[in-house]
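File shown: my_file-v5.tsv (TSV, C-alpha atoms and all ligand atoms).
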chain	number	residue	atom	x	y	z
A	91	MET	CA	88.05	-37.40	23.47
A	92	THR	CA	91.17	-36.26	25.29
A	93	PHE	CA	92.48	-32.83	26.26
A	94	SER	CA	95.47	-33.33	23.96
A	95	LYS	CA	93.14	-33.12	20.93
A	96	LEU	CA	91.85	-29.67	21.87
A	97	GLY	CA	94.92	-27.68	20.88
A	98	LEU	CA	96.24	-26.88	24.35
A	99	PRO	CA	100.00	-27.03	25.03
A	100	ASN	CA	101.40	-30.21	26.58
A	101	THR	CA	102.37	-28.59	29.86
A	102	LEU	CA	98.72	-27.68	30.39
A	103	ASN	CA	97.55	-31.18	29.46
A	104	GLU	CA	99.91	-32.58	32.08
A	105	ALA	CA	98.67	-30.11	34.70
A	106	LEU	CA	95.08	-31.07	33.89
A	107	ALA	CA	95.84	-34.75	34.43
A	108	ASP	CA	97.66	-33.92	37.69
A	109	HIS	CA	94.52	-32.19	38.95
A	110	GLY	CA	92.23	-35.08	38.10
A	111	TYR	CA	90.88	-33.72	34.82
A	112	GLN	CA	91.05	-37.03	32.96
A	113	LYS	CA	89.01	-36.09	29.93
A	114	PRO	CA	87.29	-32.91	28.81
A	115	TYR	CA	83.66	-32.27	29.66
A	116	PRO	CA	81.32	-31.62	26.68
A	117	ILE	CA	81.45	-27.84	27.05
A	118	GLN	CA	85.24	-27.96	27.09
A	119	VAL	CA	85.34	-30.07	23.93
A	120	GLU	CA	83.37	-27.41	22.08
A	121	ALA	CA	84.52	-24.20	23.71
A	122	ILE	CA	88.28	-24.64	24.04
A	123	PRO	CA	89.18	-24.97	20.32
A	124	ALA	CA	86.78	-22.15	19.40
A	125	ILE	CA	88.12	-19.76	22.04
A	126	LEU	CA	91.69	-20.57	20.99
A	127	LYS	CA	90.63	-19.44	17.49
A	128	LYS	CA	89.33	-16.20	19.04
A	129	LYS	CA	85.67	-16.87	18.27
A	130	ASP	CA	82.80	-15.37	20.26
A	131	ILE	CA	80.82	-17.86	22.31
A	132	LEU	CA	77.40	-18.09	23.87
A	133	GLY	CA	77.52	-21.01	26.31
A	134	ILE	CA	74.30	-22.16	27.92
A	135	ALA	CA	75.71	-24.12	30.82
A	136	LYS	CA	75.26	-24.41	34.55
A	137	THR	CA	77.84	-24.39	37.29
A	138	GLY	CA	79.11	-27.92	37.51
A	139	SER	CA	79.37	-28.38	33.76
A	140	GLY	CA	83.07	-27.47	33.71
A	141	LYS	CA	82.48	-24.08	32.10
A	142	THR	CA	85.15	-22.29	34.14
A	143	ALA	CA	88.02	-24.33	32.75
A	144	SER	CA	86.43	-24.08	29.30
A	145	PHE	CA	87.29	-20.38	29.19
A	146	VAL	CA	90.20	-20.16	31.65
A	147	LEU	CA	92.45	-22.58	29.74
A	148	PRO	CA	92.22	-21.01	26.25
A	149	ILE	CA	92.37	-17.47	27.67
A	150	LEU	CA	95.60	-18.32	29.44
A	151	VAL	CA	97.02	-19.79	26.25
A	152	ASN	CA	95.95	-16.84	24.10
A	153	LEU	CA	97.53	-14.43	26.55
A	154	GLN	CA	100.87	-16.20	26.34
A	155	GLY	CA	101.75	-14.53	23.08
A	156	ASN	CA	100.79	-11.05	24.27
A	157	SER	CA	103.16	-8.23	24.97
A	158	ALA	CA	103.41	-7.12	28.60
A	159	PRO	CA	100.28	-5.31	29.72
A	160	LYS	CA	100.24	-1.57	30.12
A	161	ASN	CA	99.95	-0.62	33.72
A	162	ARG	CA	96.49	-1.01	35.26
A	163	GLN	CA	95.06	-2.14	31.91
A	164	PRO	CA	93.86	-5.75	32.00
A	165	GLN	CA	93.78	-7.68	28.72
A	166	ALA	CA	91.16	-10.19	29.87
A	167	LEU	CA	88.17	-9.13	31.94
A	168	ILE	CA	85.92	-11.68	33.65
A	169	VAL	CA	82.74	-10.24	35.14
A	170	VAL	CA	80.87	-12.45	37.59
A	171	PRO	CA	77.77	-11.91	39.77
A	172	THR	CA	79.07	-12.92	43.20
A	173	ARG	CA	82.11	-12.80	45.39
A	174	GLU	CA	82.09	-16.60	45.73
A	175	LEU	CA	82.20	-17.09	41.99
A	176	ALA	CA	84.94	-14.46	41.65
A	177	VAL	CA	87.11	-16.33	44.14
A	178	GLN	CA	86.37	-19.66	42.47
A	179	VAL	CA	87.23	-18.42	38.97
A	180	GLY	CA	90.34	-16.64	40.26
A	181	ALA	CA	91.55	-19.89	41.82
A	182	VAL	CA	91.21	-21.75	38.50
A	183	PHE	CA	93.24	-19.06	36.71
A	184	GLN	CA	95.95	-19.25	39.39
A	185	LEU	CA	96.02	-23.03	39.30
A	186	PHE	CA	96.55	-23.41	35.58
A	187	SER	CA	98.67	-20.33	34.92
A	188	LYS	CA	101.43	-22.09	36.86
A	189	ALA	CA	101.64	-24.64	34.05
A	190	LEU	CA	102.54	-22.04	31.41
A	191	PRO	CA	105.92	-20.48	30.74
A	192	ASN	CA	104.96	-16.79	30.82
A	193	TYR	CA	103.72	-15.47	34.12
A	194	ILE	CA	100.22	-14.00	33.98
A	195	LYS	CA	99.12	-11.74	36.77
A	196	THR	CA	95.55	-12.48	37.80
A	197	VAL	CA	93.69	-10.19	40.19
A	198	THR	CA	90.30	-10.88	41.78
A	199	VAL	CA	88.18	-8.02	43.13
A	200	TYR	CA	84.73	-7.84	44.71
A	201	GLY	CA	82.70	-5.64	47.03
A	202	GLY	CA	82.13	-5.93	50.75
A	203	VAL	CA	85.84	-5.59	51.57
A	204	SER	CA	88.20	-2.61	51.68
A	205	ILE	CA	88.91	-1.16	48.22
A	206	ASN	CA	92.39	0.20	49.00
A	207	PRO	CA	94.39	-3.03	48.75
A	208	GLN	CA	92.52	-3.78	45.50
A	209	MET	CA	93.52	-0.37	44.08
A	210	MET	CA	97.15	-1.01	44.99
A	211	GLY	CA	97.03	-4.50	43.47
A	212	MET	CA	96.26	-3.36	39.93
A	213	ASN	CA	99.85	-2.85	38.83
A	214	GLY	CA	100.67	-5.24	36.01
A	215	VAL	CA	97.25	-6.92	36.04
A	216	GLN	CA	96.68	-9.05	32.94
A	217	VAL	CA	93.52	-10.96	33.94
A	218	LEU	CA	90.95	-9.16	36.07
A	219	ILE	CA	88.06	-11.05	37.68
A	220	ALA	CA	85.48	-8.71	39.14
A	221	THR	CA	81.94	-8.25	40.34
A	222	PRO	CA	80.25	-5.39	38.44
A	223	GLY	CA	79.82	-2.83	41.24
A	224	ARG	CA	83.37	-3.07	42.54
A	225	LEU	CA	84.78	-2.98	39.04
A	226	LEU	CA	83.03	0.32	38.39
A	227	ASP	CA	84.24	1.72	41.73
A	228	LEU	CA	87.79	0.88	40.70
A	229	VAL	CA	87.29	2.44	37.27
A	230	ASP	CA	85.78	5.57	38.82
A	231	SER	CA	88.71	5.94	41.16
A	232	LYS	CA	91.08	5.47	38.18
A	233	ALA	CA	92.67	2.40	39.71
A	234	VAL	CA	91.97	0.48	36.51
A	235	GLN	CA	91.27	1.27	32.86
A	236	LEU	CA	89.35	-0.98	30.52
A	237	SER	CA	90.57	0.27	27.14
A	238	ALA	CA	93.03	-2.61	26.58
A	239	VAL	CA	90.57	-5.46	27.16
A	240	GLN	CA	90.85	-8.00	24.34
A	241	MET	CA	88.76	-10.74	25.92
A	242	LEU	CA	85.56	-10.29	27.86
A	243	VAL	CA	83.83	-13.04	29.82
A	244	LEU	CA	80.38	-12.49	31.29
A	245	ASP	CA	79.95	-15.48	33.57
A	246	GLU	CA	76.51	-16.48	34.90
A	247	ALA	CA	75.11	-13.58	32.92
A	248	ASP	CA	71.51	-14.54	33.72
A	249	LYS	CA	72.26	-14.24	37.41
A	250	MET	CA	73.84	-10.82	36.87
A	251	LEU	CA	70.68	-9.66	35.09
A	252	ASN	CA	68.48	-11.17	37.81
A	253	LEU	CA	70.50	-9.41	40.49
A	254	GLY	CA	69.80	-6.10	38.76
A	255	PHE	CA	73.27	-5.44	37.33
A	256	LYS	CA	71.96	-4.48	33.88
A	257	GLU	CA	72.98	-0.82	34.12
A	258	GLU	CA	76.37	-1.66	35.52
A	259	MET	CA	76.94	-4.12	32.72
A	260	ASN	CA	75.96	-1.56	30.10
A	261	ARG	CA	78.39	0.94	31.62
A	262	ILE	CA	81.18	-1.62	31.62
A	263	LEU	CA	80.45	-2.56	28.00
A	264	SER	CA	80.57	1.09	26.93
A	265	MET	CA	84.15	1.38	28.22
A	266	LEU	CA	85.56	-1.59	26.33
A	267	PRO	CA	87.29	-1.45	22.95
A	268	LYS	CA	84.99	-2.43	20.09
A	269	GLN	CA	87.43	-5.03	18.81
A	270	ARG	CA	87.48	-7.85	21.33
A	271	GLN	CA	86.51	-11.47	21.90
A	272	ASN	CA	83.26	-12.00	23.83
A	273	LEU	CA	82.39	-15.06	25.87
A	274	LEU	CA	78.94	-15.11	27.39
A	275	PHE	CA	77.93	-17.89	29.79
A	276	SER	CA	74.50	-18.37	31.26
A	277	ALA	CA	72.50	-21.21	32.82
A	278	THR	CA	69.34	-20.08	31.04
A	279	LEU	CA	68.39	-18.20	27.91
A	280	SER	CA	65.93	-15.34	28.57
A	281	PRO	CA	64.78	-12.42	26.38
A	282	ASP	CA	66.98	-10.10	28.48
A	283	LEU	CA	69.97	-12.31	27.92
A	284	GLU	CA	69.24	-12.56	24.22
A	285	GLY	CA	69.15	-8.73	24.16
A	286	LEU	CA	72.55	-8.58	25.79
A	287	ARG	CA	73.89	-11.21	23.41
A	288	ALA	CA	72.66	-9.24	20.41
A	289	ILE	CA	74.42	-6.09	21.63
A	290	ILE	CA	77.80	-7.65	22.24
A	291	MET	CA	78.10	-10.30	19.55
A	292	PRO	CA	76.21	-10.70	16.29
A	293	ASP	CA	77.26	-14.21	15.41
A	294	PRO	CA	78.61	-16.33	18.25
A	295	LEU	CA	79.22	-20.05	18.36
A	296	ILE	CA	76.30	-21.29	20.44
A	297	ILE	CA	77.02	-24.14	22.82
A	298	ASN	CA	73.80	-25.32	24.37
A	299	LEU	CA	74.22	-27.94	27.02
A	300	SER	CA	70.50	-28.28	27.64
A	301	ALA	CA	70.67	-30.26	24.39
A	302	GLU	CA	73.02	-32.67	26.23
A	303	GLU	CA	70.19	-33.46	28.63
A	304	LYS	CA	67.98	-34.36	25.68
A	305	VAL	CA	70.58	-36.81	24.41
A	306	ALA	CA	70.56	-38.50	27.81
A	307	ILE	CA	66.77	-38.81	27.67
A	308	ASP	CA	67.20	-40.77	24.45
A	309	LEU	CA	68.96	-43.46	26.47
A	310	ILE	CA	65.81	-44.00	28.51
A	311	GLU	CA	63.19	-46.43	27.30
A	312	GLN	CA	59.86	-45.02	28.39
A	313	THR	CA	56.80	-47.19	28.98
A	314	SER	CA	53.42	-46.52	30.57
A	315	TYR	CA	50.62	-48.63	31.96
A	316	LEU	CA	46.99	-47.71	32.19
A	317	VAL	CA	46.22	-49.07	35.64
A	318	PRO	CA	43.41	-48.52	38.13
A	319	GLU	CA	44.59	-47.13	41.47
A	320	GLU	CA	43.88	-50.38	43.35
A	321	SER	CA	46.04	-52.42	40.94
A	322	LYS	CA	49.14	-50.23	41.23
A	323	GLY	CA	50.50	-52.20	44.24
A	324	PRO	CA	50.14	-55.61	42.52
A	325	LEU	CA	51.59	-54.16	39.28
A	326	LEU	CA	54.62	-52.83	41.15
A	327	ARG	CA	55.22	-56.18	42.85
A	328	TYR	CA	54.73	-57.95	39.51
A	329	LEU	CA	57.47	-55.78	37.97
A	330	VAL	CA	59.81	-56.23	40.96
A	331	ASN	CA	59.27	-59.99	40.98
A	332	SER	CA	59.82	-60.23	37.23
A	333	ASN	CA	63.50	-59.65	38.10
A	334	ALA	CA	63.90	-57.56	35.01
A	335	TYR	CA	65.40	-54.74	37.08
A	336	PRO	CA	67.85	-55.34	39.93
A	337	GLN	CA	66.91	-52.01	41.52
A	338	ILE	CA	63.98	-49.66	41.14
A	339	LEU	CA	63.45	-46.09	42.24
A	340	VAL	CA	59.72	-45.45	42.73
A	341	PHE	CA	58.22	-41.97	42.85
A	342	THR	CA	55.02	-41.06	44.65
A	343	ALA	CA	53.25	-37.73	44.98
A	344	SER	CA	53.29	-37.58	48.79
A	345	GLY	CA	55.40	-38.74	51.72
A	346	TYR	CA	52.38	-40.55	53.14
A	347	LYS	CA	52.02	-42.57	49.96
A	348	ALA	CA	55.77	-43.26	49.82
A	349	ASP	CA	55.63	-44.81	53.33
A	350	ASN	CA	52.55	-46.74	52.37
A	351	VAL	CA	54.09	-48.23	49.22
A	352	ALA	CA	57.36	-49.11	50.99
A	353	ASN	CA	55.47	-50.80	53.87
A	354	LYS	CA	53.42	-52.88	51.50
A	355	LEU	CA	56.52	-53.99	49.61
A	356	ARG	CA	58.24	-55.03	52.85
A	357	LYS	CA	55.16	-56.98	53.90
A	358	ASN	CA	55.55	-58.87	50.65
A	359	GLY	CA	59.18	-59.73	51.36
A	360	ILE	CA	60.78	-57.05	49.16
A	361	THR	CA	63.54	-54.91	50.68
A	362	ALA	CA	62.31	-51.33	50.45
A	363	SER	CA	62.56	-47.99	52.21
A	364	ALA	CA	61.01	-44.55	51.76
A	365	ILE	CA	62.53	-41.09	51.49
A	366	HIS	CA	60.55	-37.89	51.87
A	367	GLY	CA	60.57	-34.49	53.52
A	368	LYS	CA	59.00	-35.63	56.78
A	369	LYS	CA	61.83	-38.07	57.52
A	370	SER	CA	64.89	-36.91	59.44
A	371	GLN	CA	68.01	-36.09	57.41
A	372	SER	CA	69.84	-39.03	58.97
A	373	ALA	CA	67.03	-41.45	58.05
A	374	ARG	CA	67.08	-40.05	54.50
A	375	ASN	CA	70.85	-40.39	54.21
A	376	LYS	CA	70.70	-43.94	55.55
A	377	ALA	CA	68.02	-45.04	53.10
A	378	LEU	CA	69.83	-43.49	50.14
A	379	GLN	CA	73.11	-45.02	51.21
A	380	GLN	CA	71.53	-48.47	51.56
A	381	PHE	CA	69.98	-48.14	48.14
A	382	LYS	CA	73.26	-47.01	46.56
A	383	GLU	CA	75.05	-49.95	48.15
A	384	GLY	CA	72.49	-52.38	46.76
A	385	GLU	CA	71.01	-53.37	50.14
A	386	LEU	CA	67.54	-52.27	49.07
A	387	THR	CA	65.74	-53.41	45.95
A	388	VAL	CA	63.29	-50.53	45.97
A	389	LEU	CA	63.57	-46.97	47.17
A	390	VAL	CA	60.29	-45.06	47.26
A	391	ALA	CA	60.68	-41.30	47.10
A	392	THR	CA	58.87	-38.04	46.59
A	393	ASP	CA	60.13	-35.33	44.24
A	394	LEU	CA	62.58	-34.39	46.95
A	395	LEU	CA	64.85	-36.93	45.28
A	396	SER	CA	64.04	-36.13	41.68
A	397	ARG	CA	66.73	-33.50	41.14
A	398	GLY	CA	70.44	-33.81	41.07
A	399	ILE	CA	70.82	-37.12	42.88
A	400	ASP	CA	73.23	-39.38	41.09
A	401	ILE	CA	72.69	-43.10	41.62
A	402	ALA	CA	75.20	-45.07	39.59
A	403	PHE	CA	73.71	-47.60	37.18
A	404	LEU	CA	70.13	-47.21	38.29
A	405	PRO	CA	68.26	-49.35	35.76
A	406	CYS	CA	64.64	-48.38	36.39
A	407	VAL	CA	62.46	-45.52	37.58
A	408	ILE	CA	58.74	-45.99	38.19
A	409	ASN	CA	56.24	-43.18	38.46
A	410	TYR	CA	53.78	-44.84	40.83
A	411	GLU	CA	52.00	-41.51	40.84
A	412	LEU	CA	52.62	-38.86	38.20
A	413	PRO	CA	54.42	-35.65	39.06
A	414	ARG	CA	52.39	-32.49	38.96
A	415	SER	CA	54.78	-30.61	36.71
A	416	PRO	CA	56.05	-31.84	33.33
A	417	LYS	CA	59.52	-30.62	34.32
A	418	ASP	CA	59.56	-33.02	37.26
A	419	TYR	CA	58.74	-35.88	34.91
A	420	ILE	CA	62.06	-35.28	33.14
A	421	HIS	CA	63.93	-34.80	36.41
A	422	ARG	CA	62.51	-38.04	37.76
A	423	ILE	CA	63.22	-40.22	34.75
A	424	GLY	CA	66.64	-38.58	34.42
A	425	ARG	CA	67.73	-40.49	37.55
A	426	THR	CA	68.19	-43.44	35.21
A	427	GLY	CA	70.01	-43.47	31.86
A	428	ARG	CA	72.94	-41.62	33.42
A	429	ALA	CA	76.56	-41.65	32.32
A	430	GLU	CA	75.71	-43.29	29.01
A	431	ASN	CA	73.93	-46.29	30.61
A	432	LYS	CA	70.55	-47.36	29.32
A	433	GLY	CA	67.55	-47.08	31.61
A	434	VAL	CA	63.85	-47.78	31.75
A	435	ALA	CA	61.19	-45.36	32.99
A	436	ILE	CA	57.71	-46.73	33.65
A	437	SER	CA	54.68	-44.61	34.45
A	438	PHE	CA	51.55	-45.91	36.18
A	439	VAL	CA	48.65	-43.91	34.85
A	440	SER	CA	45.25	-44.24	36.52
A	441	PRO	CA	42.25	-43.44	34.29
A	442	ASP	CA	41.60	-40.15	36.09
A	443	GLN	CA	45.22	-39.06	35.38
A	444	LEU	CA	45.15	-39.87	31.70
A	445	LYS	CA	44.55	-36.30	30.63
A	446	HIS	CA	47.38	-35.04	32.83
A	447	PHE	CA	49.73	-37.69	31.47
A	448	LYS	CA	48.95	-36.70	27.90
A	449	MET	CA	49.68	-33.10	28.79
A	450	ILE	CA	53.12	-34.12	30.17
A	451	LEU	CA	53.88	-36.07	27.00
A	452	LYS	CA	52.76	-33.21	24.79
A	453	LYS	CA	54.91	-30.76	26.69
A	454	HIS	CA	57.98	-32.89	26.03
A	455	LYS	CA	56.96	-33.85	22.49
A	456	LEU	CA	56.86	-37.50	23.53
A	457	TRP	CA	54.55	-40.18	22.33
A	458	MET	CA	53.75	-43.45	24.07
A	459	GLU	CA	51.14	-46.13	23.73
A	460	LEU	CA	49.75	-47.09	27.14
A	461	ILE	CA	49.79	-50.78	28.01
A	462	ASP	CA	46.49	-51.86	29.52
A	463	SER	CA	47.40	-53.51	32.84
A	464	THR	CA	44.37	-55.80	32.71
A	465	ILE	CA	46.18	-57.92	30.12
A	466	LEU	CA	48.72	-58.87	32.82
A	467	ASP	CA	48.10	-61.60	35.37
A	468	LEU	CA	48.53	-59.64	38.56
A	469	GLN	CA	46.90	-62.30	40.75
A	470	GLY	CA	49.23	-63.42	43.51
A	471	HIS	CA	51.36	-60.25	43.35
B	501	LIG	P1	82.52	-25.57	36.94
B	501	LIG	O1	81.27	-25.92	36.19
B	501	LIG	O2	83.49	-24.84	36.09
B	501	LIG	O3	82.23	-24.89	38.23
B	501	LIG	O4	83.27	-26.97	37.30
B	501	LIG	C1	82.70	-27.89	38.17
B	501	LIG	C2	83.72	-28.84	38.79
B	501	LIG	O5	84.19	-29.76	37.84
B	501	LIG	C3	84.95	-28.16	39.35
B	501	LIG	O6	85.22	-28.74	40.63
B	501	LIG	C4	86.05	-28.48	38.39
B	501	LIG	O7	87.30	-28.56	39.02
B	501	LIG	C5	85.63	-29.84	37.85
B	501	LIG	N1	86.03	-30.09	36.47
B	501	LIG	C6	85.90	-29.27	35.41
B	501	LIG	N2	86.29	-29.87	34.28
B	501	LIG	C7	86.69	-31.11	34.61
B	501	LIG	C8	87.19	-32.25	33.87
B	501	LIG	N3	87.35	-32.19	32.56
B	501	LIG	N4	87.46	-33.37	34.56
B	501	LIG	C9	87.26	-33.44	35.89
B	501	LIG	N5	86.81	-32.43	36.65
B	501	LIG	C10	86.51	-31.28	36.02
Turn this file's structure into structure tokens for me.
Ligand code: AMP
Amino acid sequence: MTFSKLGLPNTLNEALADHGYQKPYPIQVEAIPAILKKKDILGIAKTGSGKTASFVLPILVNLQGNSAPKNRQPQALIVVPTRELAVQVGAVFQLFSKALPNYIKTVTVYGGVSINPQMMGMNGVQVLIATPGRLLDLVDSKAVQLSAVQMLVLDEADKMLNLGFKEEMNRILSMLPKQRQNLLFSATLSPDLEGLRAIIMPDPLIINLSAEEKVAIDLIEQTSYLVPEESKGPLLRYLVNSNAYPQILVFTASGYKADNVANKLRKNGITASAIHGKKSQSARNKALQQFKEGELTVLVATDLLSRGIDIAFLPCVINYELPRSPKDYIHRIGRTGRAENKGVAISFVSPDQLKHFKMILKKHKLWMELIDSTILDLQGH
């Protein structure tokens, strides 16, 4: 997929390439054409998914055909929970509006700074990015009027609700024209959010990126061994020595165990290091770096490393000990099977953990037959 297929003008496509946007992210593939067609959207997506550009680009394009705004009456309103996000979103509008022929005045306002310059800056505003409290202050002081808003974006709506902005949001909604396009973005879907969704849009296009994560899980081949505690070390060495996986990330439940497992591997001539919370940041960085550069065959880690860390082409994850929470099971195995590469996730299940393992599988609607480790010849490993 390329940006040129999404219906954006060429000048924008060129600007995207100039800024390193080589191809659209999944949310952009779905959201951009729909927003261009003026559809309502509910996007379940986190920061980092590319959601900002997914609404900024089509909003800028849709505004191109508009007549000049009436004074102090924005046509697009973006409501965000924090000052940082306001600044970030404002910067993306500024960046890409330069690539379009008609100038679009974008103004960013938030609390914690003097209101006067913001009041003065409202002349000719076409896109207004605001935190809820400051927006209402500006409305109350008649610096801005919301009756010409054609496009509303509620960005990180779950965070706004969590921060207690519900009343402010309701007040803002009550001031908007009934006829408008609504774009609601949230990292999570809660009953409160669903309530808000139901009020502002009956039938949106739903883009759920948590489904993307599920697709990635499909790329991971999951296996499990029923193995007594004392055979876990030999089984690990057996798998390492089988040379089936050039590199393995091993998870343990505690830092103590991580050190233990790494030491034992080293004693058996396997390059290994451990990462956990009790190690200094520099030791952690060094071990991760060595692993990423292929200098270590095995990295043993606690759940400290189970979220967010991106190790390119990691072929195998082993749960030497199971995680306590089913969520962490997915986070752990998600270290492999990234960027459309296949991966293997192996769980070592001791008999006393069998019930817990079954609970994890049930939670994720997974099914797996356990391989009995006694059928393997672990002698000498
Ligand atoms: P966001 O989720 O909107 O905060 O975007 C996260 C980061 O991804 C930002 O630094 C964007 O500049 C960048 N980004 C968004 N879309 C793309 C893309 N299609 N290609 C490359 N980088 C992107």
Produce as a PyMOL selection string the set of residues near ligand LIG 501 (chain B), where near means within 9 Å with only C-alpha atoms and all ligand atoms considered. chain A and resi 93+106-107+109-118+135-144+175+178-179+182
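If all atoms listed in the file are the atoms counted, then among A:Ile310, A:Arg261, A:Gly359, A:Phe186 the closest residue to A:Val407 is A:Ile310.
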Among the residues A:Val146, A:Leu295, A:Leu329, A:Leu412, the one that comes closest to A:Met449 [using all atoms listed in the file]: A:Leu412
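Residues in contact with A:Leu404 at 7 Å, where all atoms listed in the file are counted and same-chain residues fewer than 2 positions away are skipped, are listed as Gln337, Ile401, Ala402, Cys406 and Thr426 of chain A.
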Within 10 Å of A:Gly180, counting all atoms listed in the file, which residues qualify if same-chain residues fewer than 2 places away don't, as a VMD selection string? chain A and resid 142 146 168 174 to 178 182 to 185 196 to 199 217 to 220
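Each of A:Ser463, A:Asn152, A:Asn333, A:Thr342 was checked against A:Arg414 using only C-alpha atoms; the smallest atom-to-atom distance is that of A:Thr342.
For the choices A:Ile122, A:Ile450, A:Ala334, A:Leu253, the atom-to-atom distance to A:Gly223 is smallest for A:Leu253 when using all atoms listed in the file.
In terms of minimum interatomic distance to A:Ser231, A:Met210 ranks closest within A:Pro292, A:Gln469, A:Met210, A:Ala121, counting only C-alpha atoms.
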Please, what is the axis-aligned box for every listed atom of stretch 141-149 of chain A with 6 Å on each side, as centre and edge lengths in Å to one decimal, as AutoDock Vina command-line options?
--center_x 87.5 --center_y -20.9 --center_z 30.2 --size_x 22.0 --size_y 18.9 --size_z 19.9
In terms of the shortest atom-to-atom distance over all atoms listed in the file, which of A:Ser94, A:Ser415, A:Asn409, A:Gln216 is closest to A:Leu153? A:Gln216
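Of note, atom CA of A:Pro267 and atom CA of A:Ser237 are spaced 5.6 Å apart.
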Find the distance between atom CA of A:Glu385 and atom CA of A:Lys347 and write it in Å to one decimal. 21.8 Å
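In this model, the gap between atom CA of A:Val340 and atom CA of A:Leu326 comes to 9.1 Å.
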Neighbours of point (52.8, -41.8, 43.5) within 6 Å, using only C-alpha atoms, written as an mmCIF file with C-alpha atoms, keeping the file's coordinate frame:
data_model
loop_
_atom_site.group_PDB
_atom_site.id
_atom_site.type_symbol
_atom_site.label_atom_id
_atom_site.label_comp_id
_atom_site.auth_asym_id
_atom_site.auth_seq_id
_atom_site.Cartn_x
_atom_site.Cartn_y
_atom_site.Cartn_z
ATOM 1 C CA PHE A 341 58.220 -41.970 42.850
ATOM 2 C CA THR A 342 55.020 -41.060 44.650
ATOM 3 C CA ALA A 343 53.250 -37.730 44.980
ATOM 4 C CA TYR A 410 53.780 -44.840 40.830
ATOM 5 C CA GLU A 411 52.000 -41.510 40.840
#
Would you kindly return, as an mmCIF file with C-alpha atoms, in the coordinates of the input, each protein, DNA or RNA residue with an atom no farther than 12 Å from any atom of A:Ile465, considering only C-alpha atoms and excluding same-chain residues fewer than 5 positions away?
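Saved result, selection_24.cif, follows:
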data_model
loop_
_atom_site.group_PDB
_atom_site.id
_atom_site.type_symbol
_atom_site.label_atom_id
_atom_site.label_comp_id
_atom_site.auth_asym_id
_atom_site.auth_seq_id
_atom_site.Cartn_x
_atom_site.Cartn_y
_atom_site.Cartn_z
ATOM 1 C CA TYR A 315 50.620 -48.630 31.960
ATOM 2 C CA LEU A 316 46.990 -47.710 32.190
ATOM 3 C CA VAL A 317 46.220 -49.070 35.640
ATOM 4 C CA LEU A 325 51.590 -54.160 39.280
ATOM 5 C CA LEU A 460 49.750 -47.090 27.140
#
